[in-house]
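K.L.:
coords-v9.csv (CSV, C-alpha atoms and all ligand atoms) pasted underneath:
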```
chain,number,residue,atom,x,y,z
M,192,MET,CA,94.8,41.2,86.0
M,193,ARG,CA,92.2,43.6,87.3
M,194,SER,CA,92.6,46.7,85.0
M,195,VAL,CA,92.0,47.2,81.3
M,196,SER,CA,93.7,49.7,79.1
M,197,VAL,CA,92.5,50.6,75.6
M,198,PRO,CA,93.9,52.9,72.9
M,199,GLN,CA,92.9,56.5,73.7
M,200,GLU,CA,91.8,56.9,70.1
M,201,TRP,CA,88.8,54.6,70.7
M,202,VAL,CA,87.5,56.9,73.3
M,203,ALA,CA,88.1,60.0,71.0
M,204,GLN,CA,86.5,58.2,68.0
M,205,ALA,CA,83.5,57.2,70.1
M,206,ARG,CA,83.1,60.8,71.4
M,207,ALA,CA,83.1,61.9,67.8
M,208,GLY,CA,80.1,59.7,67.1
M,209,ASP,CA,81.8,56.5,65.9
M,210,ARG,CA,79.5,53.6,67.0
M,211,GLN,CA,82.0,50.9,66.0
M,212,ALA,CA,84.6,52.5,68.3
M,213,PHE,CA,82.1,52.5,71.1
M,214,THR,CA,81.3,48.9,70.6
M,215,LEU,CA,85.1,48.2,70.9
M,216,LEU,CA,85.0,50.0,74.2
M,217,VAL,CA,82.0,47.8,75.3
M,218,GLU,CA,84.0,44.7,74.4
M,219,ALA,CA,87.0,46.0,76.3
M,220,TYR,CA,85.2,47.0,79.4
M,221,GLN,CA,82.3,44.4,79.6
M,222,VAL,CA,84.0,42.3,82.2
M,223,PRO,CA,84.9,45.1,84.7
M,224,VAL,CA,81.5,46.7,84.3
M,225,TYR,CA,79.6,43.5,84.5
M,226,ASN,CA,81.6,42.3,87.5
M,227,LEU,CA,80.9,45.5,89.4
M,228,CYS,CA,77.1,45.1,88.7
M,229,ARG,CA,77.3,41.5,89.6
M,230,ARG,CA,79.1,42.0,92.9
M,231,MET,CA,76.6,44.9,93.7
M,232,LEU,CA,73.4,43.1,92.8
M,233,GLY,CA,74.4,39.4,93.3
M,234,ASN,CA,72.3,38.2,90.5
M,235,PRO,CA,73.4,37.4,86.9
M,236,GLY,CA,70.2,38.6,85.1
M,237,GLU,CA,70.0,41.9,87.0
M,238,ALA,CA,73.8,42.3,86.5
M,239,GLU,CA,73.5,41.9,82.7
M,240,ASP,CA,70.7,44.5,82.6
M,241,ALA,CA,72.6,46.9,84.8
M,242,ALA,CA,75.7,46.5,82.7
M,243,GLN,CA,73.8,47.2,79.5
M,244,GLU,CA,72.1,50.2,81.1
M,245,THR,CA,75.6,51.5,82.2
M,246,PHE,CA,76.8,51.4,78.6
M,247,TRP,CA,73.7,53.1,77.4
M,248,ARG,CA,74.0,55.9,79.9
M,249,ALA,CA,77.7,56.2,79.0
M,250,PHE,CA,76.9,56.3,75.3
M,251,GLN,CA,74.4,59.1,75.9
M,252,ALA,CA,76.7,61.1,78.2
M,253,LEU,CA,79.9,60.7,76.1
M,254,GLU,CA,79.9,64.5,75.4
M,255,ARG,CA,80.1,65.2,79.1
M,256,TYR,CA,83.0,62.7,79.6
M,257,ASP,CA,86.2,64.6,80.7
M,258,PRO,CA,89.1,62.9,78.7
M,259,GLN,CA,91.5,63.9,81.5
M,260,ARG,CA,89.8,61.2,83.7
M,261,PRO,CA,90.4,57.5,83.2
M,262,PHE,CA,87.6,56.1,81.1
M,263,ALA,CA,87.3,52.9,83.2
M,264,THR,CA,86.8,54.9,86.4
M,265,TRP,CA,84.1,57.0,84.7
M,266,LEU,CA,82.3,53.8,83.5
M,267,LEU,CA,82.6,52.2,87.0
M,268,SER,CA,81.2,55.4,88.5
M,269,ILE,CA,78.1,55.2,86.2
M,270,ALA,CA,77.6,51.5,87.0
M,271,ALA,CA,78.0,52.0,90.8
M,272,HIS,CA,75.5,54.9,90.9
M,273,TYR,CA,73.0,52.9,88.8
M,274,CYS,CA,73.3,49.9,91.1
M,275,ILE,CA,73.1,51.9,94.3
M,276,ASP,CA,69.9,53.6,93.1
M,277,TYR,CA,68.5,50.3,91.9
M,278,LEU,CA,69.1,48.7,95.3
M,279,ARG,CA,67.6,51.7,97.1
M,280,ARG,CA,64.5,51.6,94.9
M,281,GLN,CA,64.2,47.8,95.4
M,282,ARG,CA,64.4,48.3,99.2
M,283,LEU,CA,61.7,51.0,99.0
M,284,VAL,CA,59.4,48.7,97.1
M,285,ALA,CA,60.2,45.9,99.5
M,286,LEU,CA,59.4,48.2,102.5
M,287,SER,CA,56.1,49.3,100.9
M,288,LEU,CA,55.2,45.7,100.5
M,289,GLU,CA,56.3,45.0,104.1
M,290,ALA,CA,58.5,42.2,102.8
M,291,MET,CA,62.3,42.9,103.2
M,292,PRO,CA,64.4,40.7,100.9
M,293,ASP,CA,66.4,38.0,102.7
M,294,TYR,CA,69.9,39.3,102.2
M,295,HIS,CA,71.5,36.0,103.0
M,296,ASP,CA,69.5,34.1,100.4
M,297,VAL,CA,71.7,35.0,97.5
M,298,PRO,CA,70.6,33.9,94.1
M,299,ASP,CA,72.6,31.1,92.6
M,300,PRO,CA,75.9,32.6,91.2
M,301,ALA,CA,76.8,31.4,87.7
M,302,PRO,CA,79.8,29.1,87.8
M,303,GLY,CA,83.0,30.7,86.8
M,304,PRO,CA,85.7,29.2,84.5
M,305,GLU,CA,86.6,26.7,87.2
M,306,SER,CA,83.2,25.2,87.5
M,307,SER,CA,83.8,23.1,90.7
M,308,ALA,CA,81.5,22.8,93.7
M,309,GLU,CA,84.3,24.5,95.8
M,310,ALA,CA,84.5,27.5,93.6
M,311,HIS,CA,80.7,27.7,93.6
M,312,GLU,CA,80.7,27.7,97.4
M,313,ARG,CA,83.4,30.3,97.5
M,314,GLU,CA,81.4,32.6,95.2
M,315,ARG,CA,78.3,32.0,97.3
M,316,ARG,CA,80.1,33.1,100.4
M,317,VAL,CA,81.6,36.3,98.8
M,318,ALA,CA,78.2,37.2,97.5
M,319,SER,CA,76.6,36.6,100.9
M,320,MET,CA,79.3,38.8,102.5
M,321,LEU,CA,78.7,41.6,100.1
M,322,GLN,CA,74.9,41.4,100.4
M,323,SER,CA,75.2,42.0,104.1
M,324,LEU,CA,76.6,45.5,103.4
M,325,ASP,CA,74.7,48.8,102.8
M,326,PRO,CA,74.8,49.5,99.0
M,327,LEU,CA,77.3,52.4,99.2
M,328,ASP,CA,79.6,50.5,101.6
M,329,ARG,CA,79.4,47.6,99.2
M,330,ALA,CA,80.4,49.8,96.3
M,331,ALA,CA,83.4,51.0,98.3
M,332,ILE,CA,84.5,47.5,99.1
M,333,VAL,CA,84.0,46.3,95.5
M,334,MET,CA,86.0,49.2,94.1
M,335,ARG,CA,88.8,48.7,96.6
M,336,TYR,CA,89.2,44.9,96.2
M,337,TRP,CA,88.3,44.3,92.5
M,338,TYR,CA,89.7,47.5,90.9
M,339,ASP,CA,92.4,48.7,93.2
M,340,LEU,CA,91.0,52.2,93.0
M,341,SER,CA,92.8,54.9,95.1
M,342,TYR,CA,90.8,56.7,97.8
M,343,GLU,CA,90.7,59.8,95.5
M,344,GLU,CA,89.4,57.8,92.6
M,345,MET,CA,86.8,56.2,94.8
M,346,SER,CA,85.7,59.5,96.2
M,347,GLU,CA,85.2,60.9,92.7
M,348,ALA,CA,83.5,57.8,91.5
M,349,LEU,CA,81.1,57.6,94.4
M,350,SER,CA,80.6,61.4,94.9
M,351,LEU,CA,81.9,61.2,98.5
M,352,SER,CA,84.7,63.0,100.3
M,353,VAL,CA,87.9,61.0,100.8
M,354,SER,CA,87.3,60.8,104.5
M,355,ALA,CA,83.8,59.5,103.9
M,356,VAL,CA,85.2,56.8,101.7
M,357,LYS,CA,87.7,55.8,104.4
M,358,SER,CA,85.0,55.7,107.1
M,359,ARG,CA,82.7,53.7,104.9
M,360,LEU,CA,85.5,51.2,104.2
M,361,HIS,CA,86.3,51.0,107.9
M,362,ARG,CA,82.6,50.3,108.8
M,363,ALA,CA,82.3,47.8,106.0
M,364,ARG,CA,85.4,45.9,107.1
M,365,ARG,CA,84.2,45.8,110.7
M,366,GLN,CA,80.9,44.4,109.5
M,367,LEU,CA,82.6,41.8,107.2
M,368,ALA,CA,84.9,40.7,110.1
M,369,GLY,CA,81.7,40.0,112.1
M,370,VAL,CA,79.9,38.3,109.2
M,371,TRP,CA,82.7,35.8,108.6
M,372,PRO,CA,82.5,33.6,111.8
M,373,GLU,CA,78.7,33.4,111.1
M,374,SER,CA,79.0,32.2,107.5
M,375,GLN,CA,81.8,29.8,108.6
M,376,ALA,CA,79.4,28.3,111.2
M,377,SER,CA,76.6,27.9,108.6
M,378,GLY,CA,79.1,26.4,106.2
M,379,LEU,CA,80.3,23.9,108.7
M,380,ALA,CA,76.7,23.0,109.6
M,381,ARG,CA,76.1,22.1,106.0
M,382,GLY,CA,79.2,19.9,105.6
M,383,GLY,CA,81.6,22.9,105.4
M,384,THR,CA,84.8,23.3,103.5
M,385,HIS,CA,88.3,22.4,104.4
M,386,ASP,CA,89.4,26.0,104.8
M,387,ALA,CA,91.0,26.8,108.1
M,388,ALA,CA,91.0,30.3,109.6
M,389,PRO,CA,94.5,31.6,109.7
M,390,ALA,CA,96.1,32.1,113.1
M,391,VAL,CA,96.9,35.7,114.0
A,224,MET,CA,86.5,46.0,130.5
A,225,MET,CA,89.6,46.4,128.3
A,226,PRO,CA,89.8,49.4,126.0
A,227,HIS,CA,89.8,48.1,122.4
A,228,GLN,CA,90.8,51.4,120.9
A,229,PRO,CA,93.0,52.2,119.0
A,230,PHE,CA,93.5,48.5,118.3
A,231,GLU,CA,90.2,48.0,116.5
A,232,GLU,CA,91.0,51.0,114.4
A,233,TRP,CA,94.5,49.6,113.6
A,234,LEU,CA,93.1,46.1,112.8
A,235,LEU,CA,90.8,47.5,110.1
A,236,ALA,CA,93.3,50.2,109.2
A,237,VAL,CA,93.2,51.9,105.9
A,238,HIS,CA,96.8,52.9,106.3
A,239,ASP,CA,100.0,51.0,107.2
A,240,LEU,CA,101.0,50.6,110.9
A,241,SER,CA,104.4,51.8,112.2
A,242,ALA,CA,106.6,49.2,113.8
A,243,ALA,CA,105.7,50.5,117.3
A,244,GLU,CA,102.0,50.4,116.5
A,245,ALA,CA,102.3,46.8,115.2
A,246,ALA,CA,104.1,45.7,118.4
A,247,LYS,CA,101.5,47.3,120.6
A,248,LEU,CA,98.7,45.7,118.6
A,249,GLU,CA,100.4,42.3,118.8
A,250,SER,CA,100.7,42.4,122.6
A,251,HIS,CA,97.0,43.6,122.9
A,252,LEU,CA,95.9,40.7,120.7
A,253,ARG,CA,97.6,38.2,123.0
A,254,GLU,CA,95.4,39.4,125.9
A,255,CYS,CA,92.2,40.4,124.2
A,256,SER,CA,89.9,37.7,122.8
A,257,SER,CA,87.4,40.1,121.3
A,258,CYS,CA,90.1,41.9,119.2
A,259,ARG,CA,91.5,38.5,118.3
A,260,ALA,CA,88.1,37.4,117.0
A,261,LEU,CA,87.9,40.7,115.0
A,262,ALA,CA,91.4,40.2,113.6
A,263,THR,CA,90.6,36.6,112.6
A,264,GLY,CA,87.3,37.5,111.1
A,265,TRP,CA,88.7,40.4,109.0
A,266,ALA,CA,91.8,38.4,107.9
A,267,GLU,CA,89.4,35.7,106.6
A,268,ALA,CA,87.0,38.1,104.9
A,269,GLU,CA,89.9,40.0,103.2
A,270,ARG,CA,91.5,36.8,102.0
A,271,ARG,CA,88.2,35.8,100.4
A,272,LEU,CA,87.7,39.2,98.8
A,273,GLU,CA,91.2,39.2,97.4
A,274,ALA,CA,90.8,35.7,96.0
A,275,ALA,CA,87.5,36.4,94.3
A,276,PRO,CA,87.9,36.7,90.5
A,277,LEU,CA,86.3,39.2,88.1
A,278,LEU,CA,83.1,37.6,86.9
A,279,ALA,CA,82.4,37.8,83.2
A,280,PRO,CA,79.0,38.1,81.5
A,281,THR,CA,77.7,35.3,79.3
A,282,GLU,CA,79.1,35.2,75.7
A,283,GLY,CA,77.8,37.7,73.2
A,284,PHE,CA,77.6,40.8,75.5
A,285,ALA,CA,78.8,43.2,72.8
A,286,GLU,CA,76.3,41.8,70.3
A,287,ARG,CA,73.5,42.2,72.8
A,288,TRP,CA,74.7,45.7,73.4
A,289,GLN,CA,74.4,46.5,69.7
A,290,ALA,CA,70.9,45.1,69.6
A,291,THR,CA,70.0,47.1,72.8
A,292,LEU,CA,71.4,50.3,71.2
A,293,VAL,CA,69.3,50.0,68.1
A,294,ALA,CA,66.1,49.2,70.1
A,295,ARG,CA,66.7,52.0,72.6
A,296,GLU,CA,67.3,54.6,69.9
A,297,ILE,CA,64.1,53.6,68.0
A,298,ALA,CA,62.2,53.8,71.3
A,299,GLN,CA,63.8,57.2,72.1
A,300,ARG,CA,62.9,58.6,68.7
A,301,ARG,CA,59.4,57.3,68.9
A,302,TRP,CA,59.0,58.8,72.3
A,303,GLN,CA,60.3,62.2,71.0
A,304,ALA,CA,57.9,62.0,68.1
A,305,TRP,CA,54.9,61.3,70.4
A,306,LEU,CA,56.0,64.2,72.7
A,307,VAL,CA,56.0,66.6,69.8
A,308,PHE,CA,52.7,65.3,68.6
A,309,GLY,CA,51.2,65.4,72.0
A,310,LEU,CA,52.3,69.0,72.6
A,311,SER,CA,51.0,70.1,69.2
A,312,LEU,CA,47.7,68.4,69.8
A,313,ALA,CA,47.4,70.0,73.3
A,314,GLY,CA,48.1,73.4,71.7
A,315,ALA,CA,45.6,72.9,69.0
A,316,LEU,CA,42.9,71.7,71.4
A,317,ALA,CA,43.5,74.8,73.7
A,318,LEU,CA,43.1,77.1,70.6
A,319,ALA,CA,40.0,75.3,69.5
A,320,VAL,CA,38.4,75.5,73.0
A,321,LEU,CA,39.3,79.2,73.2
A,322,LEU,CA,37.9,79.9,69.7
A,323,GLY,CA,34.8,77.8,70.3
A,324,TRP,CA,34.1,79.6,73.5
A,325,GLN,CA,34.5,83.0,71.7
A,326,VAL,CA,32.2,81.9,68.8
A,327,LEU,CA,29.7,80.5,71.3
A,328,SER,CA,29.5,83.6,73.4
A,329,SER,CA,29.2,85.9,70.4
A,330,LEU,CA,26.3,83.7,69.1
A,331,LEU,CA,24.6,83.9,72.5
A,332,SER,CA,24.9,87.7,72.8
A,333,PRO,CA,26.0,89.2,69.5
A,334,ALA,CA,25.7,92.8,70.6
A,335,HIS,CA,27.8,92.3,73.7
A,336,ALA,CA,30.4,90.4,71.7
A,337,ALA,CA,30.5,93.1,69.0
A,338,VAL,CA,31.1,95.8,71.6
A,339,GLY,CA,33.9,93.7,73.1
A,340,LEU,CA,35.5,93.1,69.7
A,341,LEU,CA,35.4,96.8,69.0
A,342,GLN,CA,37.0,97.6,72.3
A,343,VAL,CA,39.8,95.1,71.6
A,344,MET,CA,40.4,96.6,68.1
A,345,VAL,CA,40.5,100.1,69.4
A,346,TRP,CA,43.0,99.0,72.1
A,347,VAL,CA,45.2,97.2,69.6
A,348,ALA,CA,45.2,100.2,67.2
A,349,ALA,CA,46.2,102.5,70.0
A,350,ALA,CA,49.0,100.2,71.0
A,351,VAL,CA,50.3,99.8,67.5
A,352,ALA,CA,50.2,103.6,67.0
A,353,ALA,CA,52.1,104.2,70.2
A,354,ALA,CA,54.7,101.5,69.3
A,355,GLN,CA,55.1,103.1,65.8
A,356,GLU,CA,55.7,106.5,67.4
A,357,VAL,CA,58.3,105.2,69.7
A,358,GLY,CA,59.9,103.1,66.9
A,359,LEU,CA,60.1,106.1,64.6
A,360,VAL,CA,61.7,108.3,67.3
A,361,LEU,CA,64.3,105.5,67.9
A,362,VAL,CA,65.0,105.0,64.2
A,363,ARG,CA,65.4,108.7,63.6
A,364,SER,CA,67.9,109.2,66.4
A,365,LEU,CA,69.8,106.0,65.4
A,366,ALA,CA,69.8,107.0,61.8
A,367,ALA,CA,71.5,110.3,62.8
A,368,LEU,CA,74.1,108.4,64.7
A,369,VAL,CA,74.8,105.4,62.4
A,370,PRO,CA,76.4,105.8,59.0
A,371,PRO,CA,74.4,104.5,56.0
A,372,GLY,CA,77.0,101.9,55.1
A,373,LEU,CA,76.4,100.2,58.4
A,374,TRP,CA,72.6,100.2,57.9
A,375,ILE,CA,73.0,98.4,54.6
A,376,ALA,CA,75.3,95.8,56.3
A,377,LEU,CA,72.8,95.3,59.1
A,378,VAL,CA,69.9,94.7,56.7
A,379,VAL,CA,72.0,92.3,54.6
A,380,GLY,CA,73.1,90.4,57.7
A,381,ALA,CA,69.6,90.1,59.0
A,382,ALA,CA,68.4,88.8,55.6
A,383,ALA,CA,71.3,86.2,55.6
A,384,LEU,CA,70.4,85.0,59.1
A,385,ILE,CA,66.7,84.6,58.2
A,386,SER,CA,67.5,82.6,55.0
A,387,LEU,CA,70.0,80.4,56.9
A,388,TRP,CA,67.3,79.7,59.5
A,389,LEU,CA,64.8,78.9,56.8
A,390,ILE,CA,67.2,76.5,55.1
A,391,THR,CA,68.0,74.7,58.4
A,392,MET,CA,64.4,74.4,59.3
A,393,SER,CA,63.5,72.9,55.9
A,394,ARG,CA,66.4,70.5,56.1
A,395,TYR,CA,65.3,69.3,59.6
A,396,ALA,CA,61.7,69.0,58.3
A,397,ILE,CA,62.8,66.8,55.4
A,398,GLN,CA,65.1,64.6,57.6
A,399,GLY,CA,62.2,64.2,60.0
A,400,VAL,CA,60.0,62.9,57.3
A,401,ARG,CA,62.7,60.5,56.1
A,402,GLN,CA,63.1,59.0,59.6
R,501,ZN,ZN,90.6,44.5,122.5
```
Any chance you could give the structure as structure tokens?
Ligand SMILES: [Zn+2]
P.N.:
Amino acid sequence: MRSVSVPQEWVAQARAGDRQAFTLLVEAYQVPVYNLCRRMLGNPGEAEDAAQETFWRAFQALERYDPQRPFATWLLSIAAHYCIDYLRRQRLVALSLEAMPDYHDVPDPAPGPESSAEAHERERRVASMLQSLDPLDRAAIVMRYWYDLSYEEMSEALSLSVSAVKSRLHRARRQLAGVWPESQASGLARGGTHDAAPAV
Amino acid sequence: MMPHQPFEEWLLAVHDLSAAEAAKLESHLRECSSCRALATGWAEAERRLEAAPLLAPTEGFAERWQATLVAREIAQRRWQAWLVFGLSLAGALALAVLLGWQVLSSLLSPAHAAVGLLQVMVWVAAAVAAAQEVGLVLVRSLAALVPPGLWIALVVGAAALISLWLITMSRYAIQGVRQ
């Protein structure tokens, strides 16, 4: 299950200034918002801060929220913009220090519910794939694969035209298709997994 | 070199292929190792993306949110208070500097300052007189046009607005002190 639906009254009550209602929204949407930040930033600590910041920004901007739009998409849009800006700022800092971060050295992902070495390795690979992408391309891929957003919803959430969303997705797919044989090779070099690439 | 378009495009397609397109793609893949590698790479990458779960934050996210909210609101109010204080202080300093400079210059050359002051007073008096003249002409012509009942209503309305403003300001002032 990748989407969350909450009673519409919660949103209305939160907009009317009910903090308890907003906390219910935080509880309902914490996983999708956190997951987006986590997939974008790759690091649990930064993802927690980004998710908290997303809810704070949403809380402050509730008056500007258009109830005609899905609340989840609005939250994801705030989170994505925050993460993209954060990554760009980080890159600027790194450039000014003349030390680019190593995008393949992804910080240790927290083990999921199935805390096996295999799941851990799968997570590490997905994180490494995502880290190889430009922040905006990464946001498009995350919104497509974890939230099943339509091109129109993505274009609204990322402030891009529909054709720009499509071309970014295309570019990202091309890049991910190229990354895969590399990460497979590095996986095999370290002992590897038993996954076999499917025949086409 | 074999042309890889539109096959590359189709492999990474954001739309579904027609039966004819799919057949053409399949025959191209049999001949072209580069497109085959792209197809394999993307199929694997997509499989991994689709299998990846939603990651959840550590327990207690909503409780941490409530703590964050309280802390941020306190910080925001404190920042606003400092902003108001800083602006008032800057205004007061500017006034003090201006006043000090005036006093200092009048102490240094009392005659010159007295002449300057006199000039300013004459100018202000002339401006006030001119404004009065214009105002009187306006009021007289308006009075001729507007019935007396409307005048009374306007005055009462203005008084009501001013008292409403005073009440609001005093309420804000009291609330500000409480916070
Ligand atoms: Zn080809």
K.L.:
Tell me as a PyMOL selection string which residues belonging to chain M come within 6 Å of chain A, counting only C-alpha atoms.
P.N.:
chain M and resi 218+222+226+368+371
K.L.:
Write to file, as a short mmCIF file (atom, residue, chain, number, x, y, z; two decimals), in the coordinates of the input, the residues of the selection just made, with C-alpha atoms.
P.N.:
```
data_model
loop_
_atom_site.label_atom_id
_atom_site.label_comp_id
_atom_site.auth_asym_id
_atom_site.auth_seq_id
_atom_site.Cartn_x
_atom_site.Cartn_y
_atom_site.Cartn_z
CA GLU M 218 84.00 44.70 74.40
CA VAL M 222 84.00 42.30 82.20
CA ASN M 226 81.60 42.30 87.50
CA ALA M 368 84.90 40.70 110.10
CA TRP M 371 82.70 35.80 108.60
#
```
K.L.:
As JSON, numbers by chain, please: every protein or nucleic acid residue near ligand ZN 501 (chain R) (cut-off 7 Å, counting only C-alpha atoms and all ligand atoms).
P.N.:
{"A": [225, 226, 227, 230, 231, 251, 252, 255, 256, 257, 258]}
K.L.:
How many Å separate atom CA of M:Val197 from atom CA of M:Ala263?
P.N.:
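Distance reported for this atom pair: 9.5 Å.
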K.L.:
So the first atom is atom CA of M:Glu347 and the second is atom CA of M:Ser268; what is the distance between them in Å, to one decimal place?
P.N.:
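Here the two named atoms are 8.0 Å from each other.
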K.L.:
Could you pull the residues within 8 Å of M:Leu227, counting only C-alpha atoms, minus those fewer than 3 positions along the same chain, as an mmCIF file with C-alpha atoms, in the frame of the given file?
P.N.:
```cif
data_model
loop_
_atom_site.group_PDB
_atom_site.id
_atom_site.type_symbol
_atom_site.label_atom_id
_atom_site.label_comp_id
_atom_site.auth_asym_id
_atom_site.auth_seq_id
_atom_site.Cartn_x
_atom_site.Cartn_y
_atom_site.Cartn_z
ATOM 1 C CA PRO M 223 84.900 45.100 84.700
ATOM 2 C CA VAL M 224 81.500 46.700 84.300
ATOM 3 C CA ARG M 230 79.100 42.000 92.900
ATOM 4 C CA MET M 231 76.600 44.900 93.700
ATOM 5 C CA LEU M 267 82.600 52.200 87.000
ATOM 6 C CA ALA M 270 77.600 51.500 87.000
ATOM 7 C CA ALA M 271 78.000 52.000 90.800
ATOM 8 C CA VAL M 333 84.000 46.300 95.500
ATOM 9 C CA MET M 334 86.000 49.200 94.100
#
```
